[in-house]
Number of protein chains: 2
Amino acid sequence: MPASQLRAFFAPRSVAVIGASTDPVKLGHAVLRNLVEGGYVKAGQVYPINPKAEEILGLRAYPNVAAVPEPIELAVIVIPDKAVAGALRECGQKGIPAAIIITAGFREAGPEGVQREQEVIAIAREYGMRLIGPNVLGVIDTYTPMNASFAADSPPQGPMAFSSQSGALGTAILDWAQGGQLGLSKFVSLGNKADVSEIDLLQDWQDDANTRVILLYSEELTDGQRFMQVARQVSRVKPIVAIKSGTTQAGARAVSSHTGSLAGSEQAYQAAFRQAGVIRADSMQELFDMALAFGYQPPLRGDGIAVVTNAGGPGILATDALEHFGLGLARLEPATIQALGAALPDAASANNPVDVLGDARADRFEAALALVAADPNVDGILVVVTPQAMTEIEATAQAVADLSATGDKPVLACFMGAKRIQPGIELLMKAGVPNYPFPNRAAQAFWAMAEYRRIRERPEPQYAQFDFDKPAIRAAIDKVRSEGRLTIGDLESRQILEAIGLRIPQSELAEDADKAAEVSRRIGYPVVLKIASPDILHKTDVGGVKVGLRNDAEVRDAYELMVYRAQRYLPDARIWGCLVQQMVSGASLEVLVGMNRDPQFGPLVTFGLGGIYVETLKDVTFRIAPFSAQDAAAMLSELRSSALLDGVRGQPAADKAAIADALLRIGQLVQDFPEIVELDINPLVVFAKGGGAIAIDMRLVLDGNQ
Amino acid sequence: MPASQLRAFFAPRSVAVIGASTDPVKLGHAVLRNLVEGGYVKAGQVYPINPKAEEILGLRAYPNVAAVPEPIELAVIVIPDKAVAGALRECGQKGIPAAIIITAGFREAGPEGVQREQEVIAIAREYGMRLIGPNVLGVIDTYTPMNASFAADSPPQGPMAFSSQSGALGTAILDWAQGGQLGLSKFVSLGNKADVSEIDLLQDWQDDANTRVILLYSEELTDGQRFMQVARQVSRVKPIVAIKSGTTQAGARAVSSHTGSLAGSEQAYQAAFRQAGVIRADSMQELFDMALAFGYQPPLRGDGIAVVTNAGGPGILATDALEHFGLGLARLEPATIQALGAALPDAASANNPVDVLGDARADRFEAALALVAADPNVDGILVVVTPQAMTEIEATAQAVADLSATGDKPVLACFMGAKRIQPGIELLMKAGVPNYPFPNRAAQAFWAMAEYRRIRERPEPQYAQFDFDKPAIRAAIDKVRSEGRLTIGDLESRQILEAIGLRIPQSELAEDADKAAEVSRRIGYPVVLKIASPDILHKTDVGGVKVGLRNDAEVRDAYELMVYRAQRYLPDARIWGCLVQQMVSGASLEVLVGMNRDPQFGPLVTFGLGGIYVETLKDVTFRIAPFSAQDAAAMLSELRSSALLDGVRGQPAADKAAIADALLRIGQLVQDFPEIVELDINPLVVFAKGGGAIAIDMRLVLDGNQ
């Protein structure tokens, strides 16, 4: 897509409002009024389209777009749903490159709506038009300026670009902005996302000079892999903060009925956002809190925060909160502490948190702030002020604002209260110093800044490329398919494991008890015996696995009992015999490597320690494939039980490199063969460091639709 | 303490301000002005005490309290620290029953201050006076009305009683109240708590008709056991919401320097608050959010919440948030759904969350709210409103206010935005409907209400009383003490374990290798051998434990090696020989039961699964002794790994009753013998259900100061 097409949404030379109305309560009137009153009429031409009107809001009206003598760059469509397709076709014929469909009644409104939406998509494709919507509040660019929405007001300018899938939430966002709590560069209500999605907006906003932070509210993301690719690039340039709603089960049900989309699993979103460098906010409040810090303050270059306060109690609350978010209290240089000691009264605390005492006037704050800001160990400053008897609220706010204006370290404020303190808060907001009513919210904003620094400092991901024996894998899959099966068990998966370079235990199929004993002697005792059947996936459930067999007699007995039982429990199962397998000993740990396909993001690779850690403690971590070697290494340290990999209670450390290698190989396998929809290596037996790992058992499920 | 003494703090018949000043910038002037302007002069007599003034603020001044001809019920002391003791003594001589010491410079200000504080405590005791402070902002009762503080204003009346250890935070709290965000019944700044503490306030506020919810900000609690006792009673009558600051490591350091108190461990506070029915808030914001719901809305009688909204996206956010806090979306009756379907447009959602659509005017909200409120499955209602084009903000707020005024179910609001929506928010606040800017905060307030219902529904705790062989325990302790030791190991702790009725493995001391073999034959093979020495507590560190010995030869070898090694590693250790112990087999699980003494709350009993679960996963839970059988049972289900107790992967369920019994017995032991400061049973081997448990090893540490 050429960049000029999104330009037409934000800074068009001319706009047609199709459905512009003379009736002030109609949305078509509100859109036109916003274009006029929002100042766009000075930036470009506005053409009301209405077959029944001559003039609306002082602008000459036209019966249709064809009748407009000049070229049109953007059409805003606000007419009944059934008429949209026709109007859009006229736009195409006129050569209009971009259209915003405000009208609802499409995909979100049942089968007929779905059809209508497909029709407008087809028309847009035919004429090479880009679409925003349908079912949206509109689009706003405060710098053009252009308000092409039916929102009640135009928000103030500012550094935040906001994409909201929900138009209703958009009205609240714009109202917060109106209330002076946010400054916006751009606002887009994405609605049904028939064409333009978050991906396009991220690409467009990456280089937008007016935008310092990108905010997303999304209920679903489509084309998750592409989203991740684009977000990873954009997040190197400016922070992306996102809310993904519908994360819990009940919430996910609400999404389905609201947008008709299939919700991605929470785990997949978590992994995807982390890999893409998107900072996740859990609530609108968190989103705004972080956005203010990113939008108005310089980057945080380290984790050392200094707290300056006139209140012991709130100082403790701030310290608690910073520690909760993993930030450190900056260790002040001795010279700073000495200078603070000299500048402050005896009873003050010259250590961080710096307590300038309850009777501090603005000059004392100013002196303390200057000293703290000059300390090389201080990366960010949090000023916590309570409205005490002697507190000079506005003058103190001015001192904080001056520090923020002249320094290059981020300054966040926490002026606590709601009445006497209010003039101070307003002064801070005007000066671009984010104020938070409570210390924990400022601490979280600092956390987001620290997190973004870590995101920017990450190396570009390097994707390993292994040389697999693809024909062998293909052959194994084709064989299973040709037999009408979708699951690949033990015996056949060995071929795949070998083809991707993972070690497997020695093993051989035995068709009778004598052969089993003979094979066992060759492999060497002790051995494991497993029932071999394409129809039995959960072998332990039918007593189909026996470990630690020590001699011929035990192997023969086990063989016969196993086959007898399998036939009794599953009379229709094809029994190929039993697999005799080398008994792997000296193992340090059993782990699980798995994969299933997420509808939004694709292959979601799982890692956890085997047995109860996965089953009972649900101690697992995830990545979307492809992921880098760094990601694989990070997975090993993300488990609650990660310490076990390093060896505890006299156990040696496990061969972590071998686990990471297995994760990367599985990541590539499931990318190379998209027909694999589920996979489990359970267990992967990991030996002590340097000893490698052996995949004891693997199970795969193929896509039934391919 | 007679109730009348605290009455003197909140509704005295007369108040003397010792240090009342004519200088408007002095605190002594501010206190007097607040008594006058806050309206107290109409409720009682005010006597400024100032030897240099005739009259202040129109009131006749006296040189000292003795010169006041009438009785005085409350003295507020605002004079330099060194003069406080003298003034307090004059108060005692005058027979004044209560004094607020606003002056700072006491315990928080170093050794001299500590001495000053001890002096005023002694004087108060001598004259039977109660004290609030020193180092406080003051005391306010909005219903008397009396503002005996140097705060800038008097807060509005309301249902919340607030105790703040920090005076500085108090100024912020009062400013929030001034800003219309809170209504207070009483406010107390507790400062150094030389006498009156949270415990006294809880007792007093339990029956205060003007108080519906009690709010605490505490940096430390002293006399934790008594606090728990009182809080448990009071929380049955009205909710207590508390912030305990200084919870993290860095925070705890700040507390130490701020108040000079020893911080209680986070785990002890968590356990204590839970047992006492105190609802913990993690931030001031959470405290206020919960306080509004408790203060202004009726109790929540079940967990079924109905969401009514004009916005799909925010509806999803609300649903997510409710689920996050463990609340359910109420399942509406078919009749309700049908009626909603009839009352709402086709595109609306008549299911919960009820979406009345973006174009809903107030009448549609009103109809939906009435139907939802009448549904028997709905226990609470959350109204989420965005300021869309058609939204009648004030009329909708009025409909919500009317519902709240007439109904008996709690109604919380989330009117989102900051400008157009503002008149609606103000209307709601005046009508006593708490409004939260974001759905997740309303959801958390509902969570607090649900939690409080669970607290009230808890049965009164019943404390088991076991019949221990106390003389045997006393004898064991005395023997160790008499030898100048503080630690009790294996051999001696057996006596204590038997005395409290816990099963122990058969075992016997052997002084040489032959005796060890003889004892082993008597106990029956296999056996465990352990080095027996009063000086070796961590036996495994010196190779002092050998399990699974199968015959005489193995026992002899193990004995000799063990003693040789112990002598080599610890040449000064007294070696008594080796303990031969029955090898416990058939065990289903090993667990740990421990205890250490928390400086604030006393005996903190720990429970966790043995081995890596405790050591690596830190999967443990805590109670303060005494705790009830219900508490003991609850501990078993609070671990992340609790499922292991119920049996996983073919293991049988463990004997949970035996574990709970052991926890209760240990709880009683450490109460009966306060000289035990640390204790570990590790492991307690637990058999399958009905099989009981055996304490394999116990270690105790005695108090060195007794």
# chains A, B, ... in the order shown; residues from 1 in each chain; ligands from 1
call {"tool": "interface_residues", "arguments": {"of": "chain B", "to": "chain A", "cutoff": "7 Å", "atoms": "only C-alpha atoms", "output": "MDAnalysis selection string"}}
result
chainID B and resid 151:152 166 168:169 171:173 175:176 178:179 245:248 250:251 254:255 258 283:285 311:314 316:317 319:320 323 358 386:389 416:420 438 440 616:617 640:641 643
call {"tool": "write_last_selection", "arguments": {"atoms": "C-alpha atoms", "output": "short mmCIF file (atom, residue, chain, number, x, y, z; two decimals), in the first residue's frame"}}
result
data_model
loop_
_atom_site.label_atom_id
_atom_site.label_comp_id
_atom_site.auth_asym_id
_atom_site.auth_seq_id
_atom_site.Cartn_x
_atom_site.Cartn_y
_atom_site.Cartn_z
CA ALA B 151 -5.61 20.89 58.82
CA ALA B 152 -6.45 23.57 56.27
CA SER B 166 0.80 9.52 58.97
CA ALA B 168 1.07 14.17 56.12
CA LEU B 169 -1.08 11.59 54.39
CA THR B 171 -3.63 16.30 54.86
CA ALA B 172 -4.10 14.61 51.49
CA ILE B 173 -7.05 12.56 52.76
CA ASP B 175 -8.10 17.44 50.77
CA TRP B 176 -9.70 14.55 48.85
CA GLN B 178 -12.79 18.60 50.56
CA GLY B 179 -12.80 17.88 46.84
CA SER B 245 2.61 0.30 54.09
CA GLY B 246 6.25 -0.60 54.24
CA THR B 247 5.45 -4.05 52.92
CA THR B 248 8.34 -4.53 50.52
CA ALA B 250 12.83 -1.07 50.47
CA GLY B 251 9.56 0.15 51.96
CA ALA B 254 11.77 3.54 54.95
CA VAL B 255 9.44 2.60 57.81
CA HIS B 258 10.41 6.98 59.65
CA SER B 283 -3.03 1.46 47.48
CA MET B 284 -4.87 4.57 48.61
CA GLN B 285 -6.90 4.39 45.42
CA ALA B 311 -21.16 0.62 24.91
CA GLY B 312 -20.01 -2.78 23.71
CA GLY B 313 -16.27 -2.25 24.29
CA PRO B 314 -16.55 -0.97 27.85
CA ILE B 316 -16.37 -6.24 27.60
CA LEU B 317 -13.88 -4.43 29.83
CA THR B 319 -17.00 -8.36 32.07
CA ASP B 320 -13.27 -9.06 31.99
CA GLU B 323 -14.29 -12.23 36.09
CA GLY B 358 -25.13 3.71 21.75
CA THR B 386 -20.01 6.48 27.61
CA PRO B 387 -20.91 9.99 26.42
CA GLN B 388 -22.17 9.17 22.95
CA ALA B 389 -23.98 11.51 20.61
CA MET B 416 -16.46 7.28 31.46
CA GLY B 417 -14.89 10.56 30.42
CA ALA B 418 -13.96 13.88 31.97
CA LYS B 419 -15.84 16.75 30.36
CA ARG B 420 -19.30 16.22 28.88
CA PHE B 438 -12.94 2.70 34.73
CA ASN B 440 -12.06 -2.49 36.67
CA THR B 616 12.44 -23.60 45.16
CA LEU B 617 8.83 -22.66 44.52
CA ARG B 640 -0.42 -23.60 44.45
CA SER B 641 0.45 -27.26 44.72
CA ALA B 643 -3.85 -30.56 44.22
#
call {"tool": "select_by_dssp", "arguments": {"residues": "range 311-397 of chain B", "states": "helix (DSSP H, G or I)", "output": "MDAnalysis selection string"}}
result
chainID B and resid 312:324 334:343 362:374 393:397
call {"tool": "write_last_selection", "arguments": {"atoms": "C-alpha atoms", "output": "PDB file, in the first residue's frame"}}
result
ATOM      1  CA  GLY B 312     -20.007  -2.781  23.714  1.00  0.00           C
ATOM      2  CA  GLY B 313     -16.275  -2.254  24.291  1.00  0.00           C
ATOM      3  CA  PRO B 314     -16.549  -0.969  27.852  1.00  0.00           C
ATOM      4  CA  GLY B 315     -19.092  -3.753  28.480  1.00  0.00           C
ATOM      5  CA  ILE B 316     -16.367  -6.237  27.597  1.00  0.00           C
ATOM      6  CA  LEU B 317     -13.881  -4.433  29.835  1.00  0.00           C
ATOM      7  CA  ALA B 318     -16.397  -4.661  32.694  1.00  0.00           C
ATOM      8  CA  THR B 319     -17.001  -8.356  32.068  1.00  0.00           C
ATOM      9  CA  ASP B 320     -13.266  -9.059  31.989  1.00  0.00           C
ATOM     10  CA  ALA B 321     -12.772  -7.128  35.210  1.00  0.00           C
ATOM     11  CA  LEU B 322     -15.624  -8.824  37.084  1.00  0.00           C
ATOM     12  CA  GLU B 323     -14.287 -12.226  36.095  1.00  0.00           C
ATOM     13  CA  HIS B 324     -10.773 -11.200  37.095  1.00  0.00           C
ATOM     14  CA  PRO B 334     -35.811 -16.016  31.091  1.00  0.00           C
ATOM     15  CA  ALA B 335     -38.644 -13.645  32.019  1.00  0.00           C
ATOM     16  CA  THR B 336     -36.175 -10.795  32.503  1.00  0.00           C
ATOM     17  CA  ILE B 337     -34.488 -11.509  29.177  1.00  0.00           C
ATOM     18  CA  GLN B 338     -37.859 -11.606  27.469  1.00  0.00           C
ATOM     19  CA  ALA B 339     -38.953  -8.330  29.031  1.00  0.00           C
ATOM     20  CA  LEU B 340     -35.631  -6.721  28.130  1.00  0.00           C
ATOM     21  CA  GLY B 341     -36.017  -8.005  24.580  1.00  0.00           C
ATOM     22  CA  ALA B 342     -39.406  -6.353  24.387  1.00  0.00           C
ATOM     23  CA  ALA B 343     -38.240  -3.076  25.929  1.00  0.00           C
ATOM     24  CA  ALA B 362     -32.306   7.967  29.655  1.00  0.00           C
ATOM     25  CA  ASP B 363     -35.699   6.271  29.369  1.00  0.00           C
ATOM     26  CA  ARG B 364     -34.169   3.186  27.798  1.00  0.00           C
ATOM     27  CA  PHE B 365     -31.580   2.963  30.587  1.00  0.00           C
ATOM     28  CA  GLU B 366     -34.357   3.421  33.133  1.00  0.00           C
ATOM     29  CA  ALA B 367     -36.424   0.581  31.691  1.00  0.00           C
ATOM     30  CA  ALA B 368     -33.469  -1.786  31.477  1.00  0.00           C
ATOM     31  CA  LEU B 369     -32.278  -0.948  34.990  1.00  0.00           C
ATOM     32  CA  ALA B 370     -35.727  -1.555  36.485  1.00  0.00           C
ATOM     33  CA  LEU B 371     -35.992  -4.975  34.846  1.00  0.00           C
ATOM     34  CA  VAL B 372     -32.474  -6.020  35.775  1.00  0.00           C
ATOM     35  CA  ALA B 373     -32.852  -4.828  39.384  1.00  0.00           C
ATOM     36  CA  ALA B 374     -36.042  -6.859  39.777  1.00  0.00           C
ATOM     37  CA  ILE B 393     -25.908  12.262  30.569  1.00  0.00           C
ATOM     38  CA  GLU B 394     -27.648  13.956  33.475  1.00  0.00           C
ATOM     39  CA  ALA B 395     -31.005  12.274  32.963  1.00  0.00           C
ATOM     40  CA  THR B 396     -29.252   8.908  32.792  1.00  0.00           C
ATOM     41  CA  ALA B 397     -27.345   9.679  35.985  1.00  0.00           C
TER      42      ALA B 397
END
call {"tool": "atom_distance", "arguments": {"atom1": "CA of Met595 in chain B", "atom2": "CA of Gln671 in chain B"}}
result
10.9 Å
call {"tool": "select_by_dssp", "arguments": {"residues": "range 377-581 of chain B", "states": "strand (DSSP E)", "output": "PyMOL selection string"}}
result
chain B and resi 380-385+411-415+487-488+507-510+527-532+545-549+577-581
call {"tool": "atom_distance", "arguments": {"atom1": "CA of Gln465 in chain A", "atom2": "CA of Ala632 in chain A"}}
result
14.1 Å
call {"tool": "closest_residue", "arguments": {"among": "A:Pro461, A:Pro599, A:Pro48, A:Gly501", "to": "Pro626 in chain A", "atoms": "only C-alpha atoms"}}
result
A:Pro461
call {"tool": "residues_around", "arguments": {"residues": "Val68 in chain B", "least_positions_apart": "3", "cutoff": "10 Å", "atoms": "only C-alpha atoms", "output": "list of chain:residue names"}}
result
B:Ala16, B:Tyr47, B:Pro48, B:Ile49, B:Ala61, B:Tyr62, B:Pro63, B:Asn64, B:Val65, B:Pro71, B:Ile72, B:Lys94
call {"tool": "atom_distance", "arguments": {"atom1": "CA of Gly424 in chain A", "atom2": "CA of Pro239 in chain A"}}
result
28.4 Å
call {"tool": "residues_around", "arguments": {"residues": "Pro603 in chain A", "least_positions_apart": "2", "cutoff": "10 Å", "atoms": "only C-alpha atoms", "output": "NGL selection string"}}
result
:A and (225 or 268 or 594-601 or 605-606 or 623-626 or 667-668 or 670-671 or 674 or 676-678)
call {"tool": "residues_around", "arguments": {"residues": "Pro683 in chain B", "least_positions_apart": "2", "cutoff": "7 Å", "atoms": "only C-alpha atoms", "output": "PyMOL selection string"}}
result
chain B and resi 590-592+610+681+685+695-697
call {"tool": "write_last_selection", "arguments": {"atoms": "N, CA and C atoms", "output": "mmCIF file, in the first residue's frame"}}
result
data_model
loop_
_atom_site.group_PDB
_atom_site.id
_atom_site.type_symbol
_atom_site.label_atom_id
_atom_site.label_comp_id
_atom_site.auth_asym_id
_atom_site.auth_seq_id
_atom_site.Cartn_x
_atom_site.Cartn_y
_atom_site.Cartn_z
ATOM 1 N N GLU B 590 5.576 -35.734 51.617
ATOM 2 C CA GLU B 590 6.296 -35.115 52.719
ATOM 3 C C GLU B 590 5.896 -33.644 52.791
ATOM 4 N N VAL B 591 5.532 -33.179 53.969
ATOM 5 C CA VAL B 591 5.179 -31.764 54.112
ATOM 6 C C VAL B 591 6.023 -31.140 55.213
ATOM 7 N N LEU B 592 5.985 -29.807 55.234
ATOM 8 C CA LEU B 592 6.721 -29.069 56.254
ATOM 9 C C LEU B 592 5.739 -28.287 57.116
ATOM 10 N N GLY B 610 6.914 -30.484 51.194
ATOM 11 C CA GLY B 610 8.343 -30.560 51.461
ATOM 12 C C GLY B 610 9.199 -30.394 50.216
ATOM 13 N N ILE B 681 9.102 -28.933 61.629
ATOM 14 C CA ILE B 681 8.967 -30.376 61.450
ATOM 15 C C ILE B 681 9.176 -30.599 59.957
ATOM 16 N N VAL B 685 5.826 -36.852 57.396
ATOM 17 C CA VAL B 685 5.460 -37.789 56.323
ATOM 18 C C VAL B 685 3.978 -38.116 56.457
ATOM 19 N N ALA B 695 5.949 -37.544 62.211
ATOM 20 C CA ALA B 695 6.943 -36.461 62.209
ATOM 21 C C ALA B 695 8.326 -37.084 62.259
ATOM 22 N N ILE B 696 9.039 -36.999 61.154
ATOM 23 C CA ILE B 696 10.338 -37.670 61.084
ATOM 24 C C ILE B 696 11.391 -36.883 61.846
ATOM 25 N N ASP B 697 11.339 -35.600 61.748
ATOM 26 C CA ASP B 697 12.429 -34.811 62.312
ATOM 27 C C ASP B 697 11.876 -33.470 62.781
#
call {"tool": "residues_around", "arguments": {"residues": "Ile18 in chain A", "least_positions_apart": "4", "cutoff": "12 Å", "atoms": "only C-alpha atoms", "output": "VMD selection string"}}
result
chain A and resid 27 to 29 31 to 32 46 to 51 61 to 66 68 72 74 to 80 83 to 84 86 to 88 90 to 91 99 to 103 148
